[in-house]
Amino acid sequence: MNLKVQNNKAWFLVLPVLLLVAFSAVIPLMTVVNYSVQDIFDNSRVYVGTEWYREVLNDPRLQASLIRQFIFSGSVLLIEIPLGILVALMMPTKGRMASLCLVVLAMPLLIPWNVVGTIWQIFGRADIGLMGAFLNGIGVNYNYASNPTDAWFTVLLMDVWHWTSLVALLCYSGLRAIPDAYYQAAKIDQASAWAVFRYIQLPKLRNVLVIGVLLRFMDSFMIYAEPFVLTGGGPGNSTTFLSQTLTKMAIGQFDLGPAAAFSLVYFLIVLLVSWLFFTTITHLDNKK
């Protein structure tokens with residue numbers, strides 16, 4: 001009886017990647033876990049168990065930041081997903097115009113996040129900014145630096161401008177992957193444009209939309225640079241999101257224990273909500 005010897009030498013090719021992941025992700029994560037259960041005084045450390053977690057979960061500032069974060073991420077998804085689908089449907093499918101549209105859509109994604117905040121900081125200024133001066137010129141009392149509603153509107157509009165292109169490009173690639181046979185059958189049946197979208201395009205975009213929703217949720221839930229540059233979290237704390245609150249706690253106040261506990265709670269929230277999104281959409285897909 002001949003026994004086939006399995007060659008596992010290929011795993012050595014994965015070893016550098018495992019070491020890189022361990023160095024860049026696992027080791028820092030374990031350090032944060034270690035800080036979250038200790039109280040640090042200079043060079044001495046005292047084990048405090050879950051004290052920092054209880055303090056973080058009962059902190060009204062963090063609770064307010066969490067509510068603002070969920071409202072912002074929900075607003076982003078409700079606007080950017082339908083808008084991205086609409087833009088993808090309106091784009092030409094062939095020729096130079098299709099290439100030009102793809103290049104124009106990709107341009108906002110190439111701009112660094114802090115530069116995006118600077119652009120909109122100038123663009124929204126009530127005295128010299130194109131948008132701010134225009135709104136005040138037509139009688140709208142707009143000032144994102146002093147009005148919390150205007151600040152929210154500007155941060156949301158900035159994110160829509162910056163990231164709708166990502167959803168549109170994903171949807172465009174999904175639409176181009178649909179075989180022509182589906183459209184030919186719909187043409188023979190004299191199906192309307194809405195029927196084609198409802199029964200052909202939207203079902204075929206389901207997997208692409210799952211990726212788009214997950215990417216946009218995770219990114220919007222961890223937003224930091226753009227609102228920090230644009231409003232600094234103000235006026236007051238109206239645009240202070242979780243990442244900014246965490247940064248103030250860890251760097252501004254140097255409360256490493258509570259900051260470590262909060263960062264782990266933050267990570268688990270993103271992981272849990274992303275898993276719920278993926279599980280729900282996958283479950284709906286399997287039922288069809």
# chains A, B, ... in the order shown; residues from 1 in each chain; ligands from 1

$ residues_around --residues "region 126-133 of chain A" --least-positions-apart "4" --cutoff "7 Å" --atoms "only C-alpha atoms" --output "PDB file with N, CA and C atoms, in the first residue's frame"
ATOM      1  N   ILE A 122     -12.050  75.701   2.801  1.00  0.00           N
ATOM      2  CA  ILE A 122     -12.017  76.921   1.998  1.00  0.00           C
ATOM      3  C   ILE A 122     -13.304  77.070   1.192  1.00  0.00           C
ATOM      4  N   GLY A 137     -25.071  84.726  -0.411  1.00  0.00           N
ATOM      5  CA  GLY A 137     -25.481  85.690  -1.422  1.00  0.00           C
ATOM      6  C   GLY A 137     -26.941  85.552  -1.824  1.00  0.00           C
ATOM      7  N   TYR A 142     -25.580  80.954   6.191  1.00  0.00           N
ATOM      8  CA  TYR A 142     -24.769  79.738   6.300  1.00  0.00           C
ATOM      9  C   TYR A 142     -23.414  80.068   6.903  1.00  0.00           C
ATOM     10  N   ASN A 143     -23.031  79.314   7.938  1.00  0.00           N
ATOM     11  CA  ASN A 143     -21.714  79.452   8.541  1.00  0.00           C
ATOM     12  C   ASN A 143     -21.405  78.172   9.309  1.00  0.00           C
TER      13      ASN A 143
END

$ residues_around --residues "Gln244 (chain A)" --least-positions-apart "6" --cutoff "8 Å" --atoms "only C-alpha atoms" --output "PyMOL selection string"
chain A and resi 224+228+233

$ closest_residue --among "A:Leu215, A:Leu175, A:Leu256, A:Met249" --to "Val270 (chain A)" --atoms "only C-alpha atoms"
A:Leu215

$ residues_around --residues "Leu78 (chain A)" --least-positions-apart "5" --cutoff "12 Å" --atoms "only C-alpha atoms" --output "list of chain:residue names"
A:Ile71, A:Phe72, A:Ser73, A:Leu83, A:Gly84, A:Ile85, A:Leu156, A:Val160, A:Thr164, A:Val213, A:Arg216, A:Phe217

$ select_by_dssp --residues "region 9-224 of chain A" --states "helix (DSSP H, G or I)" --output "PyMOL selection string"
chain A and resi 11-36+51-57+60-90+96-110+113-123+130-137+148-176+180-188+193-204+206-221

$ closest_residue --among "A:Gln201, A:Gly124, A:Tyr35, A:Gly232" --to "Asn136 (chain A)" --atoms "only C-alpha atoms"
A:Gly124

$ closest_residue --among "A:Leu110, A:Ala186, A:Ala88, A:Val56" --to "Cys171 (chain A)" --atoms "only C-alpha atoms"
A:Ala88

$ residues_around --residues "Ser243 (chain A)" --least-positions-apart "3" --cutoff "8 Å" --atoms "only C-alpha atoms" --output "ChimeraX atom specification"
/A:222-224,246-247

$ closest_residue --among "A:Ala260, A:Thr149, A:Arg206, A:Asn8" --to "His283 (chain A)" --atoms "only C-alpha atoms"
A:Arg206

$ select_by_dssp --residues "region 43-206 of chain A" --states "strand (DSSP E or B)" --output "list of chain:residue names"
A:Ser44, A:Arg45, A:Val46, A:Tyr47

$ closest_residue --among "A:Gln63, A:Leu102, A:Phe197, A:Leu214" --to "Leu276 (chain A)" --atoms "only C-alpha atoms"
A:Leu214

$ residues_around --residues "Phe262 (chain A)" --least-positions-apart "5" --cutoff "9 Å" --atoms "only C-alpha atoms" --output "short mmCIF file (atom, residue, chain, number, x, y, z; two decimals) with N, CA, C and O atoms, in the first residue's frame"
data_model
loop_
_atom_site.label_atom_id
_atom_site.label_comp_id
_atom_site.auth_asym_id
_atom_site.auth_seq_id
_atom_site.Cartn_x
_atom_site.Cartn_y
_atom_site.Cartn_z
N SER A 36 -5.63 48.05 28.59
CA SER A 36 -7.03 48.24 28.97
C SER A 36 -7.39 47.64 30.32
O SER A 36 -8.45 47.93 30.86
N TRP A 52 -11.83 50.09 33.58
CA TRP A 52 -11.83 51.07 32.48
C TRP A 52 -12.98 50.83 31.52
O TRP A 52 -13.54 51.79 30.98
N TYR A 53 -13.36 49.58 31.32
CA TYR A 53 -14.50 49.28 30.43
C TYR A 53 -15.80 49.83 31.01
O TYR A 53 -16.62 50.39 30.28
N VAL A 56 -15.74 53.61 30.58
CA VAL A 56 -15.97 54.01 29.19
C VAL A 56 -17.44 53.87 28.81
O VAL A 56 -18.04 54.77 28.21
N LEU A 57 -18.05 52.76 29.16
CA LEU A 57 -19.43 52.51 28.78
C LEU A 57 -20.41 53.45 29.47
O LEU A 57 -21.51 53.68 28.97
N LEU A 62 -18.75 59.78 25.54
CA LEU A 62 -18.58 58.71 24.57
C LEU A 62 -19.92 58.22 24.04
O LEU A 62 -20.04 57.87 22.87
N LEU A 246 -11.64 59.49 20.89
CA LEU A 246 -10.57 58.57 21.28
C LEU A 246 -9.21 59.23 21.22
O LEU A 246 -8.37 59.04 22.11
N GLY A 257 -5.24 53.87 29.82
CA GLY A 257 -6.13 52.77 30.20
C GLY A 257 -7.53 52.93 29.63
O GLY A 257 -8.00 52.04 28.90
N PHE A 267 -13.51 48.96 18.23
CA PHE A 267 -13.20 47.89 17.28
C PHE A 267 -14.31 46.84 17.25
O PHE A 267 -14.73 46.38 16.17
#

$ atom_distance --atom1 "CA of Tyr47 (chain A)" --atom2 "CA of Thr31 (chain A)"
14.2 Å
